[in-house]
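structure17.txt, holding compact mmCIF, C-alpha atoms and all ligand atoms:
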# COMPACT_ATOMS: atom_id res chain seq x y z
CA MET A 28 0.00 0.00 0.00
CA LYS A 29 1.20 3.47 -0.86
CA GLN A 30 2.19 5.43 2.19
CA ARG A 31 -0.65 7.73 3.20
CA LYS A 32 -0.52 11.31 4.47
CA ILE A 33 -2.94 11.83 7.33
CA ILE A 34 -3.60 15.02 9.27
CA HIS A 35 -5.55 15.27 12.52
CA VAL A 36 -6.76 18.78 13.33
CA ASP A 37 -8.15 19.70 16.76
CA MET A 38 -9.23 23.15 17.92
CA ASP A 39 -7.61 24.46 21.11
CA ALA A 40 -9.84 24.72 24.20
CA PHE A 41 -12.63 24.96 21.69
CA TYR A 42 -15.79 26.17 23.46
CA ALA A 43 -13.79 28.32 25.87
CA SER A 44 -11.79 29.94 23.06
CA VAL A 45 -14.97 30.82 21.20
CA GLU A 46 -16.31 32.45 24.37
CA GLN A 47 -13.11 34.42 24.85
CA ARG A 48 -13.11 35.48 21.22
CA ASP A 49 -16.69 36.74 21.40
CA ASN A 50 -16.42 38.39 24.80
CA PRO A 51 -13.23 40.43 25.37
CA ARG A 52 -13.85 40.52 29.12
CA LEU A 53 -13.16 36.79 29.26
CA ARG A 54 -9.77 37.00 27.59
CA GLY A 55 -6.77 36.07 29.71
CA LYS A 56 -9.06 34.78 32.44
CA PRO A 57 -9.90 31.32 33.74
CA VAL A 58 -13.13 30.57 31.89
CA ILE A 59 -15.23 27.48 32.43
CA VAL A 60 -17.88 26.48 29.92
CA GLY A 61 -20.53 24.20 31.37
CA GLY A 62 -23.07 23.97 34.14
CA ASP A 63 -22.81 26.43 37.02
CA PRO A 64 -21.47 25.24 40.34
CA GLY A 65 -24.85 25.87 41.97
CA SER A 66 -26.40 23.09 39.91
CA ARG A 67 -24.99 19.62 39.54
CA GLY A 68 -23.37 20.60 36.26
CA VAL A 69 -20.06 19.52 34.79
CA VAL A 70 -17.26 21.29 32.99
CA ALA A 71 -17.55 20.90 29.20
CA THR A 72 -14.19 22.55 28.76
CA CYS A 73 -12.17 25.42 30.18
CA SER A 74 -9.65 27.98 29.01
CA TYR A 75 -5.93 27.31 29.31
CA GLU A 76 -5.84 29.85 32.15
CA ALA A 77 -8.29 27.62 34.06
CA ARG A 78 -6.34 24.46 33.26
CA ARG A 79 -3.45 25.78 35.33
CA PHE A 80 -5.67 25.25 38.37
CA GLY A 81 -6.13 21.59 37.51
CA ILE A 82 -9.57 22.03 36.01
CA HIS A 83 -10.50 19.80 33.06
CA SER A 84 -13.41 18.53 30.96
CA ALA A 85 -16.01 16.32 32.69
CA MET A 86 -15.02 17.51 36.17
CA SER A 87 -17.97 18.60 38.33
CA SER A 88 -18.50 22.33 38.30
CA VAL A 89 -18.52 22.35 42.11
CA ARG A 90 -15.04 20.88 42.19
CA ALA A 91 -13.87 23.32 39.52
CA TYR A 92 -15.20 26.18 41.60
CA ARG A 93 -13.30 24.95 44.64
CA LEU A 94 -10.10 24.75 42.64
CA CYS A 95 -10.54 28.25 41.27
CA PRO A 96 -13.25 30.42 42.87
CA GLN A 97 -12.41 33.38 40.65
CA ALA A 98 -13.14 31.38 37.49
CA ILE A 99 -15.88 32.75 35.25
CA PHE A 100 -18.59 30.21 34.45
CA VAL A 101 -20.44 30.57 31.15
CA ARG A 102 -23.19 28.49 29.60
CA PRO A 103 -22.39 26.83 26.28
CA ARG A 104 -23.64 28.47 23.06
CA PHE A 105 -23.80 25.56 20.66
CA GLU A 106 -24.90 27.66 17.68
CA ALA A 107 -21.65 29.58 17.85
CA TYR A 108 -19.60 26.36 18.05
CA ARG A 109 -21.52 24.82 15.18
CA ALA A 110 -20.89 27.87 13.03
CA VAL A 111 -17.13 27.57 13.58
CA SER A 112 -17.32 23.84 12.97
CA LEU A 113 -18.91 24.45 9.58
CA GLN A 114 -16.27 27.05 8.74
CA ILE A 115 -13.37 24.72 9.42
CA ARG A 116 -15.04 21.81 7.65
CA GLU A 117 -15.50 23.94 4.57
CA LEU A 118 -11.83 24.84 4.76
CA PHE A 119 -10.80 21.17 5.03
CA HIS A 120 -12.77 20.38 1.90
CA GLU A 121 -10.70 22.90 -0.03
CA TYR A 122 -7.84 20.42 0.38
CA THR A 123 -9.52 17.01 0.28
CA ASP A 124 -12.92 15.38 0.35
CA LEU A 125 -11.54 12.66 2.60
CA VAL A 126 -12.52 14.49 5.75
CA GLU A 127 -13.75 12.51 8.75
CA PRO A 128 -15.09 14.74 11.53
CA LEU A 129 -14.88 13.21 15.00
CA SER A 130 -16.70 16.00 16.76
CA LEU A 131 -17.41 19.69 16.23
CA ASP A 132 -13.78 20.60 16.74
CA GLU A 133 -11.68 17.78 15.30
CA ALA A 134 -11.28 15.83 12.10
CA TYR A 135 -9.03 13.48 10.22
CA LEU A 136 -7.96 14.44 6.71
CA ASP A 137 -6.36 12.13 4.17
CA VAL A 138 -4.26 14.46 2.04
CA THR A 139 -2.26 11.79 0.18
CA GLU A 140 -3.86 13.33 -2.90
CA ASN A 141 -4.87 16.90 -2.15
CA LYS A 142 -6.80 19.31 -4.31
CA LYS A 143 -4.06 21.91 -4.23
CA GLY A 144 -1.32 19.48 -5.25
CA ILE A 145 0.79 20.39 -2.23
CA GLU A 146 3.66 17.90 -2.00
CA PHE A 147 4.15 17.62 1.73
CA ALA A 148 1.40 16.97 4.24
CA THR A 149 3.22 19.28 6.64
CA GLY A 150 2.74 22.09 4.15
CA VAL A 151 -0.97 21.36 3.97
CA ALA A 152 -1.23 21.28 7.75
CA ARG A 153 0.65 24.54 8.16
CA GLU A 154 -1.62 26.24 5.64
CA ILE A 155 -4.75 24.87 7.29
CA LEU A 156 -3.68 26.07 10.74
CA SER A 157 -2.97 29.55 9.48
CA GLU A 158 -6.24 29.69 7.51
CA ILE A 159 -8.19 28.55 10.58
CA SER A 160 -6.71 31.41 12.53
CA ASN A 161 -7.39 33.91 9.70
CA ARG A 162 -10.97 32.87 9.18
CA THR A 163 -12.12 32.12 12.71
CA ASP A 164 -9.79 34.07 14.99
CA LEU A 165 -9.23 30.82 16.86
CA THR A 166 -6.30 28.46 17.03
CA ALA A 167 -6.03 24.78 16.28
CA SER A 168 -3.32 22.16 16.57
CA ALA A 169 -2.45 19.48 14.05
CA GLY A 170 -0.69 16.16 13.92
CA VAL A 171 0.76 14.84 10.69
CA SER A 172 1.72 11.23 10.10
CA TYR A 173 1.12 8.19 7.95
CA ASN A 174 -1.87 6.85 9.89
CA LYS A 175 -4.76 8.01 12.06
CA PHE A 176 -3.40 6.82 15.38
CA LEU A 177 -0.11 8.67 15.08
CA ALA A 178 -1.71 11.80 13.62
CA LYS A 179 -4.20 11.95 16.47
CA VAL A 180 -1.67 11.51 19.23
CA ALA A 181 0.69 13.96 17.51
CA SER A 182 -1.94 16.72 17.39
CA ASP A 183 -1.99 16.70 21.20
CA VAL A 184 1.76 17.02 21.67
CA ASN A 185 2.24 20.73 21.05
CA LYS A 186 -1.08 22.27 22.03
CA PRO A 187 -2.06 25.08 21.63
CA ALA A 188 -1.36 26.21 18.08
CA GLY A 189 1.12 23.38 17.59
CA LEU A 190 2.10 21.31 14.59
CA THR A 191 3.70 17.93 15.20
CA VAL A 192 4.98 15.59 12.52
CA VAL A 193 5.75 11.93 13.07
CA THR A 194 7.65 10.40 10.17
CA PRO A 195 7.95 6.63 9.70
CA GLU A 196 11.55 6.87 10.93
CA GLN A 197 10.50 8.66 14.10
CA ALA A 198 7.47 6.47 14.85
CA GLU A 199 9.20 3.78 16.89
CA ASP A 200 10.79 6.23 19.35
CA PHE A 201 7.68 8.41 19.42
CA ILE A 202 5.44 5.49 20.39
CA ALA A 203 7.92 4.02 22.88
CA GLU A 204 7.85 7.21 24.93
CA LEU A 205 4.09 7.68 24.96
CA SER A 206 2.32 7.16 28.24
CA ILE A 207 -0.43 4.63 27.89
CA ARG A 208 -2.99 7.30 28.82
CA SER A 209 -2.25 9.25 25.69
CA PHE A 210 -3.09 6.31 23.43
CA HIS A 211 -6.33 7.03 21.66
CA GLY A 212 -8.84 4.37 22.60
CA VAL A 213 -7.46 3.83 26.08
CA GLY A 214 -10.15 4.85 28.52
CA ARG A 215 -9.76 4.94 32.27
CA VAL A 216 -10.70 1.31 32.77
CA THR A 217 -8.28 0.05 30.13
CA GLU A 218 -5.57 2.31 31.51
CA LYS A 219 -6.01 0.78 34.98
CA ARG A 220 -5.80 -2.74 33.61
CA MET A 221 -2.72 -1.87 31.63
CA LEU A 222 -1.01 -0.25 34.60
CA ALA A 223 -1.89 -3.28 36.74
CA ARG A 224 0.01 -5.38 34.22
CA GLY A 225 2.97 -3.05 34.30
CA ILE A 226 2.15 -1.49 30.93
CA ALA A 227 2.74 2.24 31.40
CA SER A 228 4.24 3.28 28.07
CA GLY A 229 4.38 2.42 24.40
CA ALA A 230 7.65 0.61 25.04
CA ASP A 231 5.93 -1.61 27.65
CA LEU A 232 3.09 -2.32 25.26
CA LEU A 233 5.57 -3.43 22.63
CA GLN A 234 6.76 -6.19 24.98
CA CYS A 235 3.29 -7.79 25.16
CA SER A 236 2.42 -10.70 22.92
CA LEU A 237 -0.67 -10.60 20.75
CA GLU A 238 -2.14 -13.50 22.74
CA GLU A 239 -1.72 -11.69 26.04
CA LEU A 240 -3.28 -8.49 24.72
CA GLN A 241 -6.21 -10.43 23.27
CA ARG A 242 -6.72 -12.22 26.56
CA LEU A 243 -6.69 -8.90 28.41
CA PHE A 244 -8.63 -6.71 26.00
CA GLY A 245 -10.59 -9.01 23.71
CA ASN A 246 -11.18 -7.52 20.29
CA SER A 247 -9.15 -4.42 21.08
CA GLY A 248 -6.10 -6.56 21.78
CA GLU A 249 -5.06 -6.69 18.17
CA TYR A 250 -5.51 -2.94 17.79
CA PHE A 251 -3.17 -2.29 20.73
CA TYR A 252 -0.68 -4.85 19.43
CA ASN A 253 -0.60 -3.09 16.06
CA ILE A 254 -0.45 0.51 17.23
CA ALA A 255 2.48 -0.34 19.49
CA ARG A 256 4.22 -1.13 16.20
CA GLY A 257 2.93 1.97 14.43
CA ILE A 258 0.49 -0.06 12.34
CA ASP A 259 -2.99 1.39 11.83
CA ASN A 260 -4.67 0.79 8.50
CA ARG A 261 -8.00 2.39 9.33
CA ALA A 262 -9.16 4.53 6.44
CA VAL A 263 -10.33 8.13 6.74
CA VAL A 264 -14.04 7.70 6.12
CA PRO A 265 -15.93 10.84 5.19
CA ASN A 266 -19.40 11.09 6.77
CA ARG A 267 -21.99 11.71 4.20
CA ILE A 268 -24.12 14.55 5.43
CA ARG A 269 -27.88 14.59 5.12
CA LYS A 270 -29.41 17.56 3.39
CA SER A 271 -32.90 16.82 4.64
CA ILE A 272 -35.03 14.60 6.82
CA GLY A 273 -38.43 13.54 5.49
CA LYS A 274 -41.11 10.92 5.09
CA GLU A 275 -43.75 10.28 2.48
CA THR A 276 -46.62 7.89 2.21
CA THR A 277 -48.77 6.60 -0.62
CA LEU A 278 -52.44 6.58 0.34
CA ASP A 279 -54.48 3.39 0.19
CA GLU A 280 -56.74 5.08 -2.31
CA ASP A 281 -56.85 8.49 -3.94
CA CYS A 282 -58.19 11.04 -1.48
CA SER A 283 -60.22 14.21 -2.10
CA ASP A 284 -61.00 15.03 1.52
CA LYS A 285 -58.72 17.68 3.00
CA GLY A 286 -59.67 16.63 6.54
CA GLU A 287 -58.36 13.16 5.85
CA MET A 288 -55.23 14.58 4.29
CA MET A 289 -54.61 16.60 7.44
CA ILE A 290 -54.85 13.45 9.55
CA ILE A 291 -52.23 11.79 7.38
CA LEU A 292 -50.06 14.90 7.47
CA GLY A 293 -50.41 14.89 11.26
CA LYS A 294 -48.92 11.38 11.39
CA LEU A 295 -46.19 12.37 8.96
CA ALA A 296 -45.36 15.44 11.02
CA GLU A 297 -45.04 13.25 14.13
CA ARG A 298 -42.69 10.91 12.32
CA VAL A 299 -40.56 13.64 10.81
CA ALA A 300 -40.37 15.60 14.07
CA GLY A 301 -39.34 12.41 15.86
CA LEU A 302 -36.50 11.88 13.41
CA VAL A 303 -35.41 15.50 13.49
CA GLN A 304 -35.29 15.43 17.29
CA ALA A 305 -33.57 12.05 17.35
CA HIS A 306 -30.80 13.61 15.31
CA ASN A 307 -30.65 16.55 17.67
CA THR A 308 -31.29 19.03 14.93
CA SER A 309 -33.90 21.36 13.45
CA GLY A 310 -34.51 22.86 10.05
CA GLN A 311 -35.55 26.17 8.58
CA THR A 312 -37.45 24.85 5.58
CA LEU A 313 -40.50 22.62 5.45
CA THR A 314 -41.51 21.12 2.10
CA LEU A 315 -44.82 19.47 1.32
CA LYS A 316 -44.97 17.04 -1.54
CA VAL A 317 -48.27 16.18 -3.18
CA ARG A 318 -48.72 13.62 -5.91
CA TYR A 319 -52.06 13.84 -7.65
CA GLY A 320 -54.06 10.87 -8.88
CA ASP A 321 -52.59 11.29 -12.37
CA PHE A 322 -49.06 10.95 -10.92
CA GLN A 323 -48.18 14.60 -11.43
CA SER A 324 -46.18 15.78 -8.39
CA VAL A 325 -45.80 19.25 -6.96
CA THR A 326 -43.91 20.62 -3.96
CA ARG A 327 -44.57 23.69 -1.86
CA SER A 328 -41.99 25.04 0.59
CA HIS A 329 -41.89 27.45 3.47
CA THR A 330 -38.67 28.85 4.90
CA GLN A 331 -38.40 30.79 8.12
CA ALA A 332 -35.64 32.15 10.32
CA GLU A 333 -36.83 30.23 13.35
CA PRO A 334 -35.80 26.57 12.94
CA VAL A 335 -38.53 23.97 13.34
CA ASP A 336 -38.28 20.67 15.16
CA ASP A 337 -41.77 19.95 16.53
CA ALA A 338 -44.78 18.24 15.01
CA ASP A 339 -47.30 20.96 15.88
CA THR A 340 -45.42 23.68 14.02
CA MET A 341 -44.81 21.34 11.11
CA LEU A 342 -48.50 20.51 10.84
CA LEU A 343 -49.48 24.17 11.01
CA LEU A 344 -47.12 24.99 8.16
CA ALA A 345 -48.16 21.90 6.21
CA GLU A 346 -51.78 23.04 6.28
CA LYS A 347 -50.86 26.39 4.75
CA LEU A 348 -48.75 24.66 2.13
CA LEU A 349 -51.56 22.25 1.32
CA ASP A 350 -53.81 25.24 0.64
CA LYS A 351 -51.35 26.32 -2.03
CA THR A 352 -51.92 23.11 -3.99
CA GLU A 353 -54.91 21.82 -5.89
CA ALA A 354 -55.36 19.00 -3.36
CA GLY A 355 -59.07 18.38 -2.79
CA PRO A 356 -60.44 19.42 -6.14
CA ARG A 357 -57.75 17.16 -7.54
CA PRO A 358 -57.52 13.78 -5.81
CA VAL A 359 -54.24 12.98 -4.09
CA ARG A 360 -52.36 9.67 -4.01
CA LEU A 361 -49.21 10.56 -2.08
CA LEU A 362 -48.22 13.04 0.62
CA GLY A 363 -44.75 13.83 1.90
CA LEU A 364 -43.14 16.18 4.42
CA THR A 365 -39.47 17.10 4.49
CA VAL A 366 -37.42 19.35 6.73
CA SER A 367 -34.30 20.86 5.14
CA ASN A 368 -31.81 23.66 5.72
CA LEU A 369 -30.81 21.68 8.78
CA THR A 370 -29.09 23.66 11.49
CA THR A 371 -26.54 20.89 12.20
CA ASP A 372 -24.63 18.33 10.20
CA VAL A 373 -26.54 15.07 10.32
CA PRO A 374 -24.53 12.09 9.10
CA PHE A 375 -26.25 9.16 7.47
CA ASP A 376 -26.02 6.45 10.07
CA GLN A 377 -27.17 2.99 10.93
CA SER A 378 -30.11 4.12 13.01
CA ALA A 379 -31.48 6.19 10.15
CA GLN A 380 -31.19 3.29 7.75
CA MET A 381 -32.82 0.87 10.12
CA GLU A 382 -35.94 2.93 10.30
CA LEU A 383 -39.31 1.30 9.97
CA PRO A 384 -41.54 2.22 7.04
CA PHE A 385 -44.49 4.52 7.59
CA PRO A 386 -46.75 4.41 9.50
N1 LIG B 401 -16.42 18.64 25.34
C1 LIG B 401 -17.47 18.40 26.22
N2 LIG B 401 -17.35 17.44 27.21
C2 LIG B 401 -16.21 16.72 27.30
C3 LIG B 401 -15.14 16.93 26.40
C4 LIG B 401 -15.29 17.91 25.43
O1 LIG B 401 -18.51 19.06 26.13
N3 LIG B 401 -16.09 15.80 28.27
C5 LIG B 401 -16.57 19.69 24.33
C6 LIG B 401 -15.96 20.98 24.80
C7 LIG B 401 -14.68 21.11 24.05
C8 LIG B 401 -14.96 20.36 22.77
O2 LIG B 401 -15.89 19.34 23.12
O3 LIG B 401 -14.33 22.47 23.82
C9 LIG B 401 -13.73 19.76 22.15
O4 LIG B 401 -13.16 18.78 22.99
P1 LIG B 401 -11.60 18.60 23.14
O5 LIG B 401 -11.38 17.31 23.85
O6 LIG B 401 -10.94 18.80 21.83
O7 LIG B 401 -11.17 19.74 24.16
P2 LIG B 401 -10.85 21.28 23.90
O8 LIG B 401 -10.91 21.62 22.45
O9 LIG B 401 -11.72 22.09 24.79
O10 LIG B 401 -9.38 21.42 24.43
P3 LIG B 401 -8.01 20.94 23.77
O11 LIG B 401 -7.23 22.20 23.51
O12 LIG B 401 -7.35 20.07 24.78
O13 LIG B 401 -8.37 20.20 22.50
MG MG B 402 -9.98 20.45 21.01
Could you express the structure from this file as structure tokens?
Amino acid sequence: MKQRKIIHVDMDAFYASVEQRDNPRLRGKPVIVGGDPGSRGVVATCSYEARRFGIHSAMSSVRAYRLCPQAIFVRPRFEAYRAVSLQIRELFHEYTDLVEPLSLDEAYLDVTENKKGIEFATGVAREILSEISNRTDLTASAGVSYNKFLAKVASDVNKPAGLTVVTPEQAEDFIAELSIRSFHGVGRVTEKRMLARGIASGADLLQCSLEELQRLFGNSGEYFYNIARGIDNRAVVPNRIRKSIGKETTLDEDCSDKGEMMIILGKLAERVAGLVQAHNTSGQTLTLKVRYGDFQSVTRSHTQAEPVDDADTMLLLAEKLLDKTEAGPRPVRLLGLTVSNLTTDVPFDQSAQMELPFP
């Protein structure tokens, strides 16, 4: 296999940096994004100033407050984070379509072939980091290597605003010195089990046989065995993103009664709203599709600033859209409702494919 060029990009103290960017009073201060200490909230993330006090993601807000009473707590503003996420994703796609987002703030890129014909992956990474800072006023860090595992670990090495390259020649030493905690895929439980076996670093992991690792970690055993040797053949898999979420249904027989149509649209609205909510999203456009008895189809759409995610609003809009068709006077054989202009990226996933047919 041809040697690949993989980049892992990860924004620095993401939510907290967005808050500091948008509110100058927060700059240079310990900022905690998450629930307030009065509630039983947790820290989503915190600024680097707050990290000096030992505060980190997933810590209870009460504990964070005790560690740093002068910290400023702010509630998350997901719309702002999503907007940045879209900006950086668009940027990534200027270099390659092999972009695999892991969350709002990080992604793998396979730039073996890149759209700009840049020879070295390091050059691509450097350009991406500087463009991120130009376009978003935020910093990111990147890791560059020949597989996902090494790129991901490398991106963490020189945070913030760092660029770390691991060449095939450097990989062995790089991995040997890694603490087991910094291996991607090693959670707290696995870390404990490894430490109990005397595995504290990449070098220790390299001493373990495949059989032992499989006995200890089941299916993951082989993964650990391979990454200790710098082997990781996982491909960068781009998520296909849904443009819309909708349902349609063919009626048992052609229908000329608008009341009946509204009952069917009510069920459709429930289904579509359920899906939209299940994907944690909402959309600004609702489209009604009507197929008449003679198979001619028409659509009518309504777009509004306020995103929609509930069945009641959808049904209300659907009724107005239905009035803009010839449904009634002309018998109808199919009705459909679709929400588009989604406010978040919704990947096609298993759960969506496994959906049951209407009703
Ligand atoms: N996040 C969260 N809860 C967690 C971890 C993360 O809500 N337990 C959110 C907040 C982070 C964002 O996801 O800003 C990105 O997660 P990262 O792990 O990349 O952390 P940061 O970007 O905040 O910091 P770093 O500079 O270490 O990447
Ligand atoms: Mg990050």
Where does segment 259-315 of chain A meet segment 357-377 of chain A within 8 Å, residue by residue, with the nearest atom pair and distance in Å to one decimal for each, counting only C-alpha atoms, listed by chain and rising number, as CSV?
residue,atom,partner,partner_atom,distance
A:Asn266,CA,A:Pro374,CA,5.7
A:Arg267,CA,A:Pro374,CA,5.5
A:Ile268,CA,A:Pro374,CA,4.4
A:Arg269,CA,A:Val373,CA,5.4
A:Lys270,CA,A:Ser367,CA,6.2
A:Ser271,CA,A:Ser367,CA,4.3
A:Ile272,CA,A:Val366,CA,5.3
A:Gly273,CA,A:Thr365,CA,3.8
A:Lys274,CA,A:Gly363,CA,5.6
A:Glu275,CA,A:Gly363,CA,3.7
A:Thr276,CA,A:Leu362,CA,5.6
A:Thr277,CA,A:Leu361,CA,4.2
A:Leu278,CA,A:Arg360,CA,5.3
A:Asp279,CA,A:Arg360,CA,7.8
A:Glu280,CA,A:Arg360,CA,6.6
A:Asp281,CA,A:Arg360,CA,4.6
A:Cys282,CA,A:Val359,CA,5.1
A:Ser283,CA,A:Pro358,CA,4.6
A:Ile291,CA,A:Leu362,CA,8.0
A:Leu292,CA,A:Leu362,CA,7.3
A:Leu295,CA,A:Leu364,CA,6.7
A:Ala296,CA,A:Leu364,CA,7.0
A:Val299,CA,A:Thr365,CA,7.3
A:His306,CA,A:Val373,CA,6.7
A:Thr308,CA,A:Thr371,CA,5.8
A:Ser309,CA,A:Leu369,CA,5.6
A:Gly310,CA,A:Leu369,CA,4.1
A:Gln311,CA,A:Asn368,CA,5.3
A:Thr312,CA,A:Ser367,CA,5.1
A:Leu313,CA,A:Val366,CA,4.7
A:Thr314,CA,A:Thr365,CA,5.1
A:Leu315,CA,A:Leu364,CA,4.8
Requested in this report: Go through A:Glu196, A:Glu353, A:Asp164, A:Asp231 and flag the residue nearest Arg318 of chain A, using only C-alpha atoms for the distances.
Outcome: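 Counting only C-alpha atoms, the residue closest to Arg318 of chain A is A:Glu353.
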Report task. Around ligand MG 402 (chain B), at most 7 Å away and counting all atoms listed in the file, which residues are there? Put them as a ChimeraX atom specification, please. Result -> /A:37-41,132-133
Requested in this report: Check the smallest atom-to-atom distance from each of A:Asn185, A:Gln234, A:Asn246, A:Gln323 to ligand LIG 401 (chain B) using all atoms listed in the file, then report the winner.
Outcome: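 Distance minimum relative to ligand LIG 401 (chain B) lands on A:Asn185.
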Report task. Write out as a list in words the residues lying within 12 Å of Tyr42 of chain A, counting all atoms listed in the file and excluding same-chain residues fewer than 6 positions away. Result -> Arg48, Asp49, Val58, Ile59, Val60, Gly61, Val70, Ala71, Thr72, Cys73, Ser74, Tyr75, Ser84, Val101, Arg102, Pro103, Arg104, Phe105, Glu106, Ala107, Tyr108, Arg109, Ala110, Val111, Ser112, Leu131, Asp132, Leu165 and Thr166 of chain A
Given the selection you just returned, output its residues as a file containing C-alpha atoms, formatted as a PDB file, in the frame of the given file.
ATOM      1  CA  ARG A  48     -13.110  35.480  21.220  1.00  0.00           C
ATOM      2  CA  ASP A  49     -16.690  36.740  21.400  1.00  0.00           C
ATOM      3  CA  VAL A  58     -13.130  30.570  31.890  1.00  0.00           C
ATOM      4  CA  ILE A  59     -15.230  27.480  32.430  1.00  0.00           C
ATOM      5  CA  VAL A  60     -17.880  26.480  29.920  1.00  0.00           C
ATOM      6  CA  GLY A  61     -20.530  24.200  31.370  1.00  0.00           C
ATOM      7  CA  VAL A  70     -17.260  21.290  32.990  1.00  0.00           C
ATOM      8  CA  ALA A  71     -17.550  20.900  29.200  1.00  0.00           C
ATOM      9  CA  THR A  72     -14.190  22.550  28.760  1.00  0.00           C
ATOM     10  CA  CYS A  73     -12.170  25.420  30.180  1.00  0.00           C
ATOM     11  CA  SER A  74      -9.650  27.980  29.010  1.00  0.00           C
ATOM     12  CA  TYR A  75      -5.930  27.310  29.310  1.00  0.00           C
ATOM     13  CA  SER A  84     -13.410  18.530  30.960  1.00  0.00           C
ATOM     14  CA  VAL A 101     -20.440  30.570  31.150  1.00  0.00           C
ATOM     15  CA  ARG A 102     -23.190  28.490  29.600  1.00  0.00           C
ATOM     16  CA  PRO A 103     -22.390  26.830  26.280  1.00  0.00           C
ATOM     17  CA  ARG A 104     -23.640  28.470  23.060  1.00  0.00           C
ATOM     18  CA  PHE A 105     -23.800  25.560  20.660  1.00  0.00           C
ATOM     19  CA  GLU A 106     -24.900  27.660  17.680  1.00  0.00           C
ATOM     20  CA  ALA A 107     -21.650  29.580  17.850  1.00  0.00           C
ATOM     21  CA  TYR A 108     -19.600  26.360  18.050  1.00  0.00           C
ATOM     22  CA  ARG A 109     -21.520  24.820  15.180  1.00  0.00           C
ATOM     23  CA  ALA A 110     -20.890  27.870  13.030  1.00  0.00           C
ATOM     24  CA  VAL A 111     -17.130  27.570  13.580  1.00  0.00           C
ATOM     25  CA  SER A 112     -17.320  23.840  12.970  1.00  0.00           C
ATOM     26  CA  LEU A 131     -17.410  19.690  16.230  1.00  0.00           C
ATOM     27  CA  ASP A 132     -13.780  20.600  16.740  1.00  0.00           C
ATOM     28  CA  LEU A 165      -9.230  30.820  16.860  1.00  0.00           C
ATOM     29  CA  THR A 166      -6.300  28.460  17.030  1.00  0.00           C
TER      30      THR A 166
END
Report task. Kindly provide, as number ranges by chain, the polymer residues lying within 7 Å of (-18.3, 22.2, 38.6), counting only C-alpha atoms and using the coordinates exactly as they appear in the file. Result -> A: 62-64, 68-70, 86-92
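Within 10 Å of segment 139-144 of chain A there are A:Lys29, A:Gln30, A:Arg31, A:Lys32, A:Ile33, A:Ile34, A:His120, A:Glu121, A:Tyr122, A:Thr123, A:Asp124, A:Leu125, A:Val151, A:Tyr173, counting all atoms listed in the file and ignoring same-chain residues fewer than 5 positions away.
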**Report entry** Distance criterion (only C-alpha atoms and all ligand atoms): nearest to ligand LIG 401 (chain B) out of A:Gly245, A:Pro128, A:Gly293, A:Pro187
**Finding:**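 Smallest separation from ligand LIG 401 (chain B) among the options: A:Pro187.
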Report task. Name all residues at most 9 Å from Met289 of chain A (count only C-alpha atoms; drop same-chain ones fewer than 3 positions away) and give them as a list in words. Result -> Asp284, Lys285, Gly286, Leu292, Gly293, Lys294, Leu342, Ala345, Glu346 and Leu349 of chain A
Query - Distance query Thr163 of chain A at most 9 Å, all atoms listed in the file, self and fewer than 5 positions along chain excluded, as a list in words - result: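 Those residues are Val111, Gln114, Ile115 and Glu158 of chain A.
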Query raised in the report: Using all atoms listed in the file, which residue out of A:Asp183, A:Glu287, A:Glu333, A:Glu154 lies closest to ligand LIG 401 (chain B)?
Result: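 Closest candidate: A:Asp183.
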Report task. Counting all atoms listed in the file, write as number ranges by chain all protein and nucleic acid residues lying at most 10 Å from (10.7, 3.9, 18.8) in the file's frame. Result -> A: 195-205, 229-230, 233, 255-257
Report summary line: From atom O11 of ligand LIG 401 (chain B) to atom CA of Lys175 of chain A the spacing works out at 18.4 Å
I'd like the box whose edges run along x, y and z of the file and which contains every listed atom of segment 299-305 of chain A, padded by 8 Å per side; could you state its centre and edge lengths in Å, one decimal, as AutoDock Vina command-line options?
--center_x -37.1 --center_y 13.7 --center_z 14.1 --size_x 23.0 --size_y 19.7 --size_z 22.5
Query - Residue contacts of segment 237-243 of chain A (12 Å, only C-alpha atoms) excluding same-chain residues fewer than 6 positions away, as a VMD selection string - result: chain A and resid 216 to 221 223 to 224 226 231 249 to 256
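Across the model, the gap from atom CA of Ala181 of chain A to atom CA of Asp137 of chain A is 15.2 Å.
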Query - Length of the atom CA of Val264 of chain A to atom CA of Val126 of chain A vector [Å] - result: 7.0 Å
Query - Counting only C-alpha atoms, the residue of A:Cys95, A:Lys347, A:Asp337, A:Arg52 that sits nearest Arg78 of chain A - result: A:Cys95
